[in-house]
$ cat entry.pdb   # PDB, C-alpha atoms, pLDDT in the B column
ATOM      1  CA  MET A  14     278.731 121.619 165.545  1.00 50.00           C
ATOM      2  CA  SER A  15     277.049 118.421 164.300  1.00 51.00           C
ATOM      3  CA  PRO A  16     278.952 115.185 164.818  1.00 57.00           C
ATOM      4  CA  PRO A  17     280.357 113.596 161.643  1.00 58.00           C
ATOM      5  CA  ASN A  18     277.926 110.691 161.814  1.00 67.00           C
ATOM      6  CA  GLY A  19     274.993 113.150 161.823  1.00 70.00           C
ATOM      7  CA  LYS A  20     276.208 114.797 158.622  1.00 69.00           C
ATOM      8  CA  LEU A  21     276.753 111.415 157.011  1.00 68.00           C
ATOM      9  CA  ARG A  22     273.225 110.327 157.935  1.00 63.00           C
ATOM     10  CA  ARG A  23     271.697 113.501 156.467  1.00 62.00           C
ATOM     11  CA  GLU A  24     273.733 113.097 153.285  1.00 58.00           C
ATOM     12  CA  LEU A  25     272.680 109.469 152.876  1.00 55.00           C
ATOM     13  CA  LEU A  26     269.025 110.416 153.412  1.00 51.00           C
ATOM     14  CA  ARG A  27     269.353 113.192 150.810  1.00 57.00           C
ATOM     15  CA  ILE A  28     270.762 110.724 148.260  1.00 56.00           C
ATOM     16  CA  ALA A  29     268.141 108.103 149.066  1.00 49.00           C
ATOM     17  CA  ASP A  30     265.187 110.503 149.037  1.00 53.00           C
ATOM     18  CA  PRO A  31     264.355 110.187 145.283  1.00 53.00           C
ATOM     19  CA  PHE A  32     264.458 106.397 145.578  1.00 51.00           C
ATOM     20  CA  MET A  33     262.310 106.326 148.707  1.00 55.00           C
ATOM     21  CA  ALA A  34     259.685 108.390 146.916  1.00 56.00           C
ATOM     22  CA  VAL A  35     259.069 105.540 144.464  1.00 62.00           C
ATOM     23  CA  ASP A  36     256.310 103.142 145.484  1.00 72.00           C
ATOM     24  CA  TRP A  37     257.705  99.928 146.978  1.00 71.00           C
ATOM     25  CA  ARG A  38     255.701  97.915 144.451  1.00 78.00           C
ATOM     26  CA  ALA A  39     257.767  99.412 141.651  1.00 81.00           C
ATOM     27  CA  TRP A  40     260.907  98.140 143.358  1.00 85.00           C
ATOM     28  CA  ALA A  41     259.248  94.742 143.824  1.00 83.00           C
ATOM     29  CA  TYR A  42     258.359  94.535 140.115  1.00 83.00           C
ATOM     30  CA  GLY A  43     261.882  95.484 139.132  1.00 87.00           C
ATOM     31  CA  ALA A  44     263.559  93.081 141.554  1.00 90.00           C
ATOM     32  CA  VAL A  45     261.389  90.109 140.572  1.00 92.00           C
ATOM     33  CA  ALA A  46     261.842  90.862 136.870  1.00 94.00           C
ATOM     34  CA  LEU A  47     265.613  91.074 137.262  1.00 95.00           C
ATOM     35  CA  VAL A  48     265.799  87.729 139.080  1.00 96.00           C
ATOM     36  CA  LEU A  49     263.602  86.014 136.482  1.00 97.00           C
ATOM     37  CA  MET A  50     265.645  87.416 133.602  1.00 97.00           C
ATOM     38  CA  LEU A  51     268.903  86.263 135.186  1.00 97.00           C
ATOM     39  CA  VAL A  52     267.536  82.768 135.767  1.00 98.00           C
ATOM     40  CA  TYR A  53     266.385  82.670 132.148  1.00 98.00           C
ATOM     41  CA  LEU A  54     269.776  83.791 130.852  1.00 96.00           C
ATOM     42  CA  VAL A  55     271.767  81.378 132.997  1.00 95.00           C
ATOM     43  CA  GLN A  56     269.577  78.304 133.469  1.00 97.00           C
ATOM     44  CA  GLY A  57     266.962  78.757 130.742  1.00 97.00           C
ATOM     45  CA  SER A  58     269.133  78.860 127.641  1.00 96.00           C
ATOM     46  CA  ARG A  59     269.889  76.326 124.927  1.00 95.00           C
ATOM     47  CA  GLY A  60     273.500  76.491 126.015  1.00 95.00           C
ATOM     48  CA  PHE A  61     272.600  75.405 129.550  1.00 97.00           C
ATOM     49  CA  PHE A  62     270.622  72.476 128.160  1.00 97.00           C
ATOM     50  CA  ALA A  63     273.505  71.424 125.913  1.00 96.00           C
ATOM     51  CA  MET A  64     276.055  71.637 128.716  1.00 95.00           C
ATOM     52  CA  HIS A  65     274.155  70.237 131.676  1.00 96.00           C
ATOM     53  CA  LEU A  66     271.040  68.356 130.560  1.00 96.00           C
ATOM     54  CA  ALA A  67     271.620  66.787 127.149  1.00 95.00           C
ATOM     55  CA  PRO A  68     272.776  63.134 127.091  1.00 94.00           C
ATOM     56  CA  GLN A  69     276.385  62.835 126.010  1.00 92.00           C
ATOM     57  CA  ASP A  70     275.524  60.584 123.078  1.00 93.00           C
ATOM     58  CA  MET A  71     272.854  62.926 121.684  1.00 94.00           C
ATOM     59  CA  GLY A  72     273.626  64.271 118.211  1.00 94.00           C
ATOM     60  CA  ARG A  73     274.225  67.967 117.563  1.00 94.00           C
ATOM     61  CA  LEU A  74     270.965  68.587 115.735  1.00 95.00           C
ATOM     62  CA  GLN A  75     268.998  66.726 118.396  1.00 96.00           C
ATOM     63  CA  VAL A  76     270.680  68.780 121.127  1.00 97.00           C
ATOM     64  CA  GLU A  77     269.794  71.955 119.218  1.00 97.00           C
ATOM     65  CA  TRP A  78     266.175  70.791 118.784  1.00 97.00           C
ATOM     66  CA  TRP A  79     265.540  69.782 122.392  1.00 98.00           C
ATOM     67  CA  GLY A  80     267.573  72.697 123.709  1.00 98.00           C
ATOM     68  CA  THR A  81     265.409  75.141 121.778  1.00 98.00           C
ATOM     69  CA  LEU A  82     262.194  73.560 123.061  1.00 98.00           C
ATOM     70  CA  TYR A  83     263.681  73.650 126.555  1.00 98.00           C
ATOM     71  CA  GLN A  84     264.370  77.377 126.154  1.00 98.00           C
ATOM     72  CA  PHE A  85     260.807  78.022 124.971  1.00 98.00           C
ATOM     73  CA  ALA A  86     259.425  76.116 127.969  1.00 98.00           C
ATOM     74  CA  ALA A  87     261.769  77.928 130.364  1.00 98.00           C
ATOM     75  CA  ALA A  88     260.599  81.277 128.998  1.00 98.00           C
ATOM     76  CA  PHE A  89     256.967  80.257 129.464  1.00 98.00           C
ATOM     77  CA  VAL A  90     257.502  79.226 133.088  1.00 98.00           C
ATOM     78  CA  LEU A  91     259.731  82.157 134.069  1.00 98.00           C
ATOM     79  CA  PHE A  92     258.077  84.938 132.068  1.00 97.00           C
ATOM     80  CA  PHE A  93     254.430  83.879 132.192  1.00 97.00           C
ATOM     81  CA  VAL A  94     253.508  81.216 134.751  1.00 96.00           C
ATOM     82  CA  LEU A  95     255.535  82.526 137.688  1.00 95.00           C
ATOM     83  CA  PRO A  96     254.701  86.253 137.273  1.00 93.00           C
ATOM     84  CA  ALA A  97     251.002  85.477 136.718  1.00 91.00           C
ATOM     85  CA  THR A  98     250.930  83.266 139.804  1.00 90.00           C
ATOM     86  CA  LEU A  99     252.761  85.781 141.975  1.00 87.00           C
ATOM     87  CA  LEU A 100     250.584  88.686 140.915  1.00 83.00           C
ATOM     88  CA  LYS A 101     247.347  86.732 141.168  1.00 78.00           C
ATOM     89  CA  PHE A 102     247.874  85.298 144.623  1.00 78.00           C
ATOM     90  CA  ALA A 103     250.497  87.519 146.266  1.00 72.00           C
ATOM     91  CA  GLY A 104     250.123  90.887 144.588  1.00 63.00           C
ATOM     92  CA  GLY A 105     246.365  90.990 144.285  1.00 69.00           C
ATOM     93  CA  GLU A 106     246.653  92.438 140.776  1.00 74.00           C
ATOM     94  CA  LYS A 107     244.036  91.870 138.087  1.00 82.00           C
ATOM     95  CA  LEU A 108     245.755  90.272 135.115  1.00 85.00           C
ATOM     96  CA  THR A 109     243.537  92.249 132.741  1.00 88.00           C
ATOM     97  CA  ALA A 110     245.145  95.420 134.116  1.00 86.00           C
ATOM     98  CA  LEU A 111     248.498  94.016 133.002  1.00 89.00           C
ATOM     99  CA  GLY A 112     247.464  93.603 129.393  1.00 92.00           C
ATOM    100  CA  LEU A 113     246.338  89.981 129.578  1.00 92.00           C
ATOM    101  CA  GLY A 114     242.733  90.718 128.670  1.00 93.00           C
ATOM    102  CA  LEU A 115     241.230  91.641 125.311  1.00 93.00           C
ATOM    103  CA  GLY A 116     241.521  95.371 125.991  1.00 93.00           C
ATOM    104  CA  ASP A 117     240.315  97.579 123.158  1.00 95.00           C
ATOM    105  CA  PHE A 118     239.380  94.715 120.839  1.00 95.00           C
ATOM    106  CA  LYS A 119     238.832  96.772 117.665  1.00 95.00           C
ATOM    107  CA  SER A 120     242.108  98.654 118.077  1.00 96.00           C
ATOM    108  CA  GLY A 121     243.835  95.359 118.789  1.00 96.00           C
ATOM    109  CA  LEU A 122     242.574  93.828 115.563  1.00 96.00           C
ATOM    110  CA  LEU A 123     243.807  96.852 113.630  1.00 97.00           C
ATOM    111  CA  VAL A 124     247.221  96.691 115.296  1.00 97.00           C
ATOM    112  CA  ALA A 125     247.514  92.961 114.602  1.00 97.00           C
ATOM    113  CA  GLY A 126     246.504  93.301 110.957  1.00 97.00           C
ATOM    114  CA  LEU A 127     248.659  96.303 110.152  1.00 98.00           C
ATOM    115  CA  GLY A 128     251.541  94.887 112.188  1.00 97.00           C
ATOM    116  CA  LEU A 129     251.555  91.651 110.213  1.00 97.00           C
ATOM    117  CA  LEU A 130     251.398  93.548 106.934  1.00 97.00           C
ATOM    118  CA  LEU A 131     253.830  96.386 107.667  1.00 97.00           C
ATOM    119  CA  ILE A 132     256.256  94.772 110.146  1.00 97.00           C
ATOM    120  CA  SER A 133     256.143  90.976 110.184  1.00 98.00           C
ATOM    121  CA  LEU A 134     255.993  90.386 106.431  1.00 98.00           C
ATOM    122  CA  PRO A 135     258.683  92.789 105.153  1.00 97.00           C
ATOM    123  CA  ALA A 136     261.060  92.294 108.089  1.00 97.00           C
ATOM    124  CA  GLY A 137     260.724  88.521 107.991  1.00 97.00           C
ATOM    125  CA  LEU A 138     261.267  88.306 104.233  1.00 97.00           C
ATOM    126  CA  SER A 139     264.315  90.580 104.379  1.00 97.00           C
ATOM    127  CA  ALA A 140     265.911  88.378 107.050  1.00 96.00           C
ATOM    128  CA  GLY A 141     266.419  85.600 104.516  1.00 95.00           C
ATOM    129  CA  GLY A 142     268.792  87.829 102.573  1.00 95.00           C
ATOM    130  CA  MET A 143     271.150  88.365 105.520  1.00 97.00           C
ATOM    131  CA  GLN A 144     273.825  85.782 106.312  1.00 96.00           C
ATOM    132  CA  ASP A 145     273.786  86.314 110.075  1.00 96.00           C
ATOM    133  CA  PHE A 146     270.023  85.755 110.182  1.00 97.00           C
ATOM    134  CA  ARG A 147     270.325  82.596 108.081  1.00 97.00           C
ATOM    135  CA  ALA A 148     272.919  81.288 110.519  1.00 96.00           C
ATOM    136  CA  GLU A 149     270.647  82.028 113.497  1.00 97.00           C
ATOM    137  CA  TYR A 150     267.213  80.993 112.225  1.00 97.00           C
ATOM    138  CA  PRO A 151     265.422  78.695 112.561  1.00 97.00           C
ATOM    139  CA  LEU A 152     266.877  78.275 116.040  1.00 97.00           C
ATOM    140  CA  ALA A 153     266.490  74.510 115.621  1.00 97.00           C
ATOM    141  CA  LYS A 154     267.436  73.518 112.074  1.00 96.00           C
ATOM    142  CA  LEU A 155     265.845  70.108 112.626  1.00 96.00           C
ATOM    143  CA  ALA A 156     262.478  71.895 112.555  1.00 97.00           C
ATOM    144  CA  CYS A 157     262.764  71.834 108.774  1.00 96.00           C
ATOM    145  CA  ALA A 158     263.040  68.030 108.640  1.00 95.00           C
ATOM    146  CA  SER A 159     259.311  67.685 107.931  1.00 95.00           C
ATOM    147  CA  PRO A 160     256.144  69.811 107.720  1.00 95.00           C
ATOM    148  CA  ALA A 161     254.805  68.183 110.898  1.00 96.00           C
ATOM    149  CA  ARG A 162     257.968  68.969 112.851  1.00 96.00           C
ATOM    150  CA  PHE A 163     257.990  72.535 111.563  1.00 97.00           C
ATOM    151  CA  ALA A 164     254.355  73.004 112.618  1.00 97.00           C
ATOM    152  CA  LEU A 165     255.112  71.610 116.095  1.00 97.00           C
ATOM    153  CA  TYR A 166     258.110  73.908 116.373  1.00 98.00           C
ATOM    154  CA  GLN A 167     256.116  76.993 115.384  1.00 98.00           C
ATOM    155  CA  LEU A 168     253.327  76.164 117.838  1.00 98.00           C
ATOM    156  CA  ALA A 169     255.872  75.909 120.644  1.00 98.00           C
ATOM    157  CA  TYR A 170     257.551  79.094 119.432  1.00 98.00           C
ATOM    158  CA  GLY A 171     254.308  81.056 119.530  1.00 97.00           C
ATOM    159  CA  LEU A 172     252.338  79.564 122.407  1.00 97.00           C
ATOM    160  CA  LEU A 173     255.293  79.193 124.763  1.00 98.00           C
ATOM    161  CA  TYR A 174     257.939  81.738 123.796  1.00 98.00           C
ATOM    162  CA  TYR A 175     256.117  84.672 122.190  1.00 98.00           C
ATOM    163  CA  VAL A 176     253.179  84.569 124.605  1.00 98.00           C
ATOM    164  CA  ALA A 177     255.657  84.614 127.485  1.00 98.00           C
ATOM    165  CA  TRP A 178     257.867  87.340 125.977  1.00 98.00           C
ATOM    166  CA  GLU A 179     255.125  89.868 125.295  1.00 98.00           C
ATOM    167  CA  SER A 180     253.248  89.071 128.510  1.00 97.00           C
ATOM    168  CA  PHE A 181     256.396  89.627 130.554  1.00 97.00           C
ATOM    169  CA  PHE A 182     257.935  92.733 128.995  1.00 97.00           C
ATOM    170  CA  ARG A 183     254.957  94.651 127.661  1.00 97.00           C
ATOM    171  CA  GLY A 184     252.520  93.205 130.211  1.00 95.00           C
ATOM    172  CA  PHE A 185     253.883  92.390 133.658  1.00 93.00           C
ATOM    173  CA  LEU A 186     256.879  94.719 133.539  1.00 94.00           C
ATOM    174  CA  GLN A 187     255.566  97.744 131.645  1.00 95.00           C
ATOM    175  CA  MET A 188     251.908  97.710 132.656  1.00 93.00           C
ATOM    176  CA  GLY A 189     252.895  96.748 136.188  1.00 90.00           C
ATOM    177  CA  LEU A 190     255.286  99.678 136.525  1.00 92.00           C
ATOM    178  CA  GLN A 191     253.115 102.180 134.683  1.00 93.00           C
ATOM    179  CA  PRO A 192     250.972 103.306 137.679  1.00 90.00           C
ATOM    180  CA  HIS A 193     254.111 103.898 139.750  1.00 88.00           C
ATOM    181  CA  ILE A 194     256.621 105.513 137.361  1.00 91.00           C
ATOM    182  CA  GLY A 195     254.417 106.684 134.484  1.00 93.00           C
ATOM    183  CA  ASP A 196     254.084 105.719 130.839  1.00 95.00           C
ATOM    184  CA  VAL A 197     257.482 106.980 129.703  1.00 96.00           C
ATOM    185  CA  GLY A 198     259.398 105.454 132.599  1.00 94.00           C
ATOM    186  CA  ALA A 199     257.689 102.089 132.198  1.00 95.00           C
ATOM    187  CA  ILE A 200     258.359 102.006 128.447  1.00 97.00           C
ATOM    188  CA  LEU A 201     262.017 102.894 129.021  1.00 97.00           C
ATOM    189  CA  VAL A 202     262.442 100.111 131.598  1.00 96.00           C
ATOM    190  CA  GLN A 203     260.876  97.360 129.496  1.00 96.00           C
ATOM    191  CA  THR A 204     262.601  98.526 126.320  1.00 98.00           C
ATOM    192  CA  THR A 205     265.984  98.504 128.040  1.00 97.00           C
ATOM    193  CA  ALA A 206     265.400  95.050 129.498  1.00 96.00           C
ATOM    194  CA  SER A 207     264.004  93.450 126.334  1.00 97.00           C
ATOM    195  CA  THR A 208     266.717  94.960 124.146  1.00 97.00           C
ATOM    196  CA  LEU A 209     269.539  93.770 126.395  1.00 96.00           C
ATOM    197  CA  LEU A 210     268.191  90.225 126.237  1.00 96.00           C
ATOM    198  CA  HIS A 211     268.810  90.353 122.484  1.00 96.00           C
ATOM    199  CA  ILE A 212     272.577  90.701 122.961  1.00 95.00           C
ATOM    200  CA  GLY A 213     274.189  87.903 120.981  1.00 94.00           C
ATOM    201  CA  LYS A 214     271.557  88.018 118.240  1.00 96.00           C
ATOM    202  CA  PRO A 215     272.221  89.486 114.750  1.00 97.00           C
ATOM    203  CA  VAL A 216     273.093  93.173 114.991  1.00 97.00           C
ATOM    204  CA  ASN A 217     270.080  94.335 113.009  1.00 97.00           C
ATOM    205  CA  GLU A 218     267.825  92.349 115.320  1.00 97.00           C
ATOM    206  CA  ILE A 219     269.235  94.132 118.368  1.00 97.00           C
ATOM    207  CA  TRP A 220     268.471  97.539 116.859  1.00 97.00           C
ATOM    208  CA  ALA A 221     265.045  96.306 115.780  1.00 97.00           C
ATOM    209  CA  ALA A 222     264.379  95.158 119.344  1.00 97.00           C
ATOM    210  CA  LEU A 223     265.116  98.682 120.568  1.00 97.00           C
ATOM    211  CA  LEU A 224     262.652 100.225 118.113  1.00 97.00           C
ATOM    212  CA  ALA A 225     260.069  97.522 118.811  1.00 97.00           C
ATOM    213  CA  GLY A 226     260.343  98.170 122.533  1.00 97.00           C
ATOM    214  CA  PHE A 227     259.223 101.767 122.092  1.00 98.00           C
ATOM    215  CA  LEU A 228     256.612 100.989 119.428  1.00 98.00           C
ATOM    216  CA  PHE A 229     255.106  97.961 121.163  1.00 98.00           C
ATOM    217  CA  GLY A 230     255.201  99.808 124.473  1.00 97.00           C
ATOM    218  CA  ALA A 231     253.113 102.628 123.016  1.00 97.00           C
ATOM    219  CA  LEU A 232     250.724 100.189 121.330  1.00 97.00           C
ATOM    220  CA  VAL A 233     250.049  98.194 124.486  1.00 97.00           C
ATOM    221  CA  ILE A 234     249.055 101.422 126.230  1.00 96.00           C
ATOM    222  CA  ARG A 235     246.640 102.164 123.382  1.00 95.00           C
ATOM    223  CA  THR A 236     245.148  98.680 123.074  1.00 96.00           C
ATOM    224  CA  ARG A 237     245.503  97.684 126.764  1.00 96.00           C
ATOM    225  CA  SER A 238     246.321  94.166 125.575  1.00 97.00           C
ATOM    226  CA  VAL A 239     249.492  92.236 124.739  1.00 97.00           C
ATOM    227  CA  TRP A 240     247.717  89.755 122.428  1.00 97.00           C
ATOM    228  CA  PRO A 241     247.913  91.846 119.229  1.00 98.00           C
ATOM    229  CA  LEU A 242     251.651  92.174 119.850  1.00 98.00           C
ATOM    230  CA  VAL A 243     251.965  88.413 120.356  1.00 98.00           C
ATOM    231  CA  ILE A 244     250.375  87.921 116.924  1.00 98.00           C
ATOM    232  CA  VAL A 245     252.713  90.433 115.248  1.00 98.00           C
ATOM    233  CA  HIS A 246     255.816  89.042 116.964  1.00 98.00           C
ATOM    234  CA  TRP A 247     254.816  85.438 116.261  1.00 98.00           C
ATOM    235  CA  GLY A 248     254.137  86.308 112.635  1.00 98.00           C
ATOM    236  CA  LEU A 249     257.570  87.890 112.372  1.00 98.00           C
ATOM    237  CA  GLY A 250     259.212  84.780 113.826  1.00 98.00           C
ATOM    238  CA  LEU A 251     257.313  82.465 111.481  1.00 98.00           C
ATOM    239  CA  ILE A 252     258.094  84.456 108.333  1.00 98.00           C
ATOM    240  CA  THR A 253     261.735  84.862 109.390  1.00 98.00           C
ATOM    241  CA  ASP A 254     262.080  81.100 109.826  1.00 98.00           C
ATOM    242  CA  LEU A 255     260.423  80.385 106.475  1.00 97.00           C
ATOM    243  CA  SER A 256     262.560  82.966 104.689  1.00 97.00           C
ATOM    244  CA  CYS A 257     265.849  81.906 106.277  1.00 97.00           C
ATOM    245  CA  ALA A 258     265.146  78.180 105.824  1.00 97.00           C
ATOM    246  CA  SER A 259     264.294  78.699 102.164  1.00 96.00           C
ATOM    247  CA  SER A 260     267.370  80.845 101.506  1.00 95.00           C
ATOM    248  CA  SER A 261     269.590  78.312 103.297  1.00 92.00           C
ATOM    249  CA  GLY A 262     268.207  75.334 101.379  1.00 92.00           C
ATOM    250  CA  LEU A 263     266.905  73.593 104.493  1.00 85.00           C
ATOM    251  CA  TRP A 264     263.697  72.401 102.852  1.00 80.00           C
TER     252      TRP A 264
END
$ encode --input "entry.pdb" --output "structure tokens"
Amino acid sequence: MSPPNGKLRRELLRIADPFMAVDWRAWAYGAVALVLMLVYLVQGSRGFFAMHLAPQDMGRLQVEWWGTLYQFAAAFVLFFVLPATLLKFAGGEKLTALGLGLGDFKSGLLVAGLGLLLISLPAGLSAGGMQDFRAEYPLAKLACASPARFALYQLAYGLLYYVAWESFFRGFLQMGLQPHIGDVGAILVQTTASTLLHIGKPVNEIWAALLAGFLFGALVIRTRSVWPLVIVHWGLGLITDLSCASSSGLW
């Protein structure tokens, strides 16, 4: 008769066996991604800036403006700079294999063009007709104070936030996990993560994030590049801001 501790050990090994079969690099990708997302949610938000970093005598609109730029910069550092640095120097990964190269350039151009026409334009224009979107966007209402400020805001939005977002979820996370858990598993992981980070946004945006996770995940596999998706996502953000600002009378 086996001692109780022997049975317990065999049972624990049986439970752990499916997890041990997964390449350790998949666990590393998941663990690093989880830590970076938590830091972004807790220390990288506009709310954190308003509570802990903004001067007490700063006006509400100024706090919103600088807090939004702070959030864009935090996303860029946490979702682009740190993962790229870790993978380049510690992981030995080629960044082009993670979707940061041009990939299939012709397919990418087609995806970008059709995406702007069929996704960014209609979705962005429709946002202006929804009250919850008008309340949310632009994230910094002071961006509409002048054309120059709006242009600066959109450059930061695209080059910091959207580059970081697509590089992290569709690039580092999905393309990084793909060799270890397959296409479907990698798409499911990044879609789950990117959708959950939309909690607190307008309801329709949360559902759209779920659909976009699957669609963009499939497209990055086809094009082998995140840059067409950055263009589509950035275009959506720009048109949404223009539509919501116009409908709200912010101009």
$ closest_residue --input "entry.pdb" --among "A:Leu82, A:Ala39, A:Ala44, A:Ala97" --to "Phe181 in chain A" --atoms "all atoms listed in the file"
A:Ala97
$ resolve_selection --input "entry.pdb" --expression "the PyMOL selection byres ((chain A and resi 198-210) around 12)" --output "PyMOL selection string"
chain A and resi 35+39+42-43+46-47+49-51+53-55+58+92+178-197+211-214+216-234
$ atom_distance --input "entry.pdb" --atom1 "CA of Leu113 in chain A" --atom2 "CA of Val90 in chain A"
15.9 Å
$ resolve_selection --input "entry.pdb" --expression "the PyMOL selection byres ((chain A and resi 259) around 12)" --output "number ranges by chain"
A: 137-138, 140-142, 147, 150-151, 154, 157, 252-258, 260-264
$ axis_aligned_box --input "entry.pdb" --around "range 52-63 of chain A" --padding-each-side "3 Å" --output "JSON"
{"center_x": 269.9, "center_y": 77.6, "center_z": 130.3, "size_x": 13.1, "size_y": 18.4, "size_z": 16.8}
$ resolve_selection --input "entry.pdb" --expression "the PyMOL selection byres ((chain A and resi 88) around 8)" --output "list in words"
Tyr53, Gly57, Gln84, Phe85, Ala86, Ala87, Phe89, Val90, Leu91, Phe92, Phe93, Leu173, Tyr174, Ala177 and Trp178 of chain A
$ atom_distance --input "entry.pdb" --atom1 "CA of Phe163 in chain A" --atom2 "CA of Leu251 in chain A"
10.0 Å
$ closest_residue --input "entry.pdb" --among "A:Thr109, A:Arg59, A:Lys119, A:Val243" --to "Arg73 in chain A" --atoms "all atoms listed in the file"
A:Arg59
$ closest_residue --input "entry.pdb" --among "A:Val94, A:Leu165, A:Leu172, A:Leu249" --to "Ala136 in chain A" --atoms "only C-alpha atoms"
A:Leu249
$ atom_distance --input "entry.pdb" --atom1 "CA of Val52 in chain A" --atom2 "CA of Pro96 in chain A"
13.4 Å
$ closest_residue --input "entry.pdb" --among "A:Leu129, A:Val45, A:Leu134, A:Val124" --to "Arg235 in chain A" --atoms "all atoms listed in the file"
A:Val124
$ closest_residue --input "entry.pdb" --among "A:Met71, A:Val48, A:Met64, A:Leu108" --to "Arg237 in chain A" --atoms "only C-alpha atoms"
A:Leu108
$ closest_residue --input "entry.pdb" --among "A:Val245, A:Val239, A:Ala41, A:Leu95" --to "Leu115 in chain A" --atoms "only C-alpha atoms"
A:Val239
$ decode --input "entry.pdb" --residues "range 166-216 of chain A" --atoms "C-alpha atoms" --output "PDB file, in the first residue's frame"
ATOM      1  CA  TYR A 166      -2.572  65.228 -29.295  1.00  0.00           C
ATOM      2  CA  GLN A 167      -3.224  62.976 -32.291  1.00  0.00           C
ATOM      3  CA  LEU A 168       0.497  62.479 -32.919  1.00  0.00           C
ATOM      4  CA  ALA A 169       0.959  61.383 -29.314  1.00  0.00           C
ATOM      5  CA  TYR A 170      -2.142  59.202 -29.562  1.00  0.00           C
ATOM      6  CA  GLY A 171      -0.844  57.392 -32.630  1.00  0.00           C
ATOM      7  CA  LEU A 172       2.923  57.282 -32.193  1.00  0.00           C
ATOM      8  CA  LEU A 173       2.868  56.511 -28.474  1.00  0.00           C
ATOM      9  CA  TYR A 174      -0.409  54.786 -27.643  1.00  0.00           C
ATOM     10  CA  TYR A 175      -1.532  52.967 -30.796  1.00  0.00           C
ATOM     11  CA  VAL A 176       1.972  51.850 -31.771  1.00  0.00           C
ATOM     12  CA  ALA A 177       2.409  50.455 -28.264  1.00  0.00           C
ATOM     13  CA  TRP A 178      -1.043  48.826 -28.123  1.00  0.00           C
ATOM     14  CA  GLU A 179      -0.808  46.904 -31.382  1.00  0.00           C
ATOM     15  CA  SER A 180       2.862  46.024 -30.887  1.00  0.00           C
ATOM     16  CA  PHE A 181       2.117  44.594 -27.452  1.00  0.00           C
ATOM     17  CA  PHE A 182      -1.106  42.649 -27.977  1.00  0.00           C
ATOM     18  CA  ARG A 183      -0.937  41.571 -31.601  1.00  0.00           C
ATOM     19  CA  GLY A 184       2.873  41.573 -31.723  1.00  0.00           C
ATOM     20  CA  PHE A 185       4.719  40.641 -28.541  1.00  0.00           C
ATOM     21  CA  LEU A 186       1.892  38.701 -26.910  1.00  0.00           C
ATOM     22  CA  GLN A 187       0.223  36.948 -29.844  1.00  0.00           C
ATOM     23  CA  MET A 188       3.179  36.439 -32.170  1.00  0.00           C
ATOM     24  CA  GLY A 189       5.371  35.590 -29.196  1.00  0.00           C
ATOM     25  CA  LEU A 190       2.996  32.895 -27.968  1.00  0.00           C
ATOM     26  CA  GLN A 191       2.093  31.563 -31.400  1.00  0.00           C
ATOM     27  CA  PRO A 192       5.030  29.101 -31.785  1.00  0.00           C
ATOM     28  CA  HIS A 193       4.294  27.627 -28.353  1.00  0.00           C
ATOM     29  CA  ILE A 194       0.484  27.401 -28.135  1.00  0.00           C
ATOM     30  CA  GLY A 195      -0.592  27.732 -31.773  1.00  0.00           C
ATOM     31  CA  ASP A 196      -2.516  30.333 -33.740  1.00  0.00           C
ATOM     32  CA  VAL A 197      -5.875  29.824 -32.039  1.00  0.00           C
ATOM     33  CA  GLY A 198      -4.470  29.790 -28.516  1.00  0.00           C
ATOM     34  CA  ALA A 199      -2.388  32.906 -29.116  1.00  0.00           C
ATOM     35  CA  ILE A 200      -5.344  34.799 -30.602  1.00  0.00           C
ATOM     36  CA  LEU A 201      -7.542  33.795 -27.659  1.00  0.00           C
ATOM     37  CA  VAL A 202      -4.953  34.994 -25.124  1.00  0.00           C
ATOM     38  CA  GLN A 203      -4.366  38.396 -26.713  1.00  0.00           C
ATOM     39  CA  THR A 204      -8.060  38.931 -27.413  1.00  0.00           C
ATOM     40  CA  THR A 205      -8.949  38.167 -23.804  1.00  0.00           C
ATOM     41  CA  ALA A 206      -6.247  40.481 -22.480  1.00  0.00           C
ATOM     42  CA  SER A 207      -6.941  43.389 -24.842  1.00  0.00           C
ATOM     43  CA  THR A 208     -10.697  43.161 -24.323  1.00  0.00           C
ATOM     44  CA  LEU A 209     -10.424  43.157 -20.534  1.00  0.00           C
ATOM     45  CA  LEU A 210      -8.328  46.318 -20.666  1.00  0.00           C
ATOM     46  CA  HIS A 211     -11.336  48.027 -22.254  1.00  0.00           C
ATOM     47  CA  ILE A 212     -13.458  47.544 -19.124  1.00  0.00           C
ATOM     48  CA  GLY A 213     -14.722  50.972 -18.124  1.00  0.00           C
ATOM     49  CA  LYS A 214     -15.032  52.158 -21.724  1.00  0.00           C
ATOM     50  CA  PRO A 215     -18.406  52.566 -23.518  1.00  0.00           C
ATOM     51  CA  VAL A 216     -20.209  49.233 -23.756  1.00  0.00           C
TER      52      VAL A 216
END
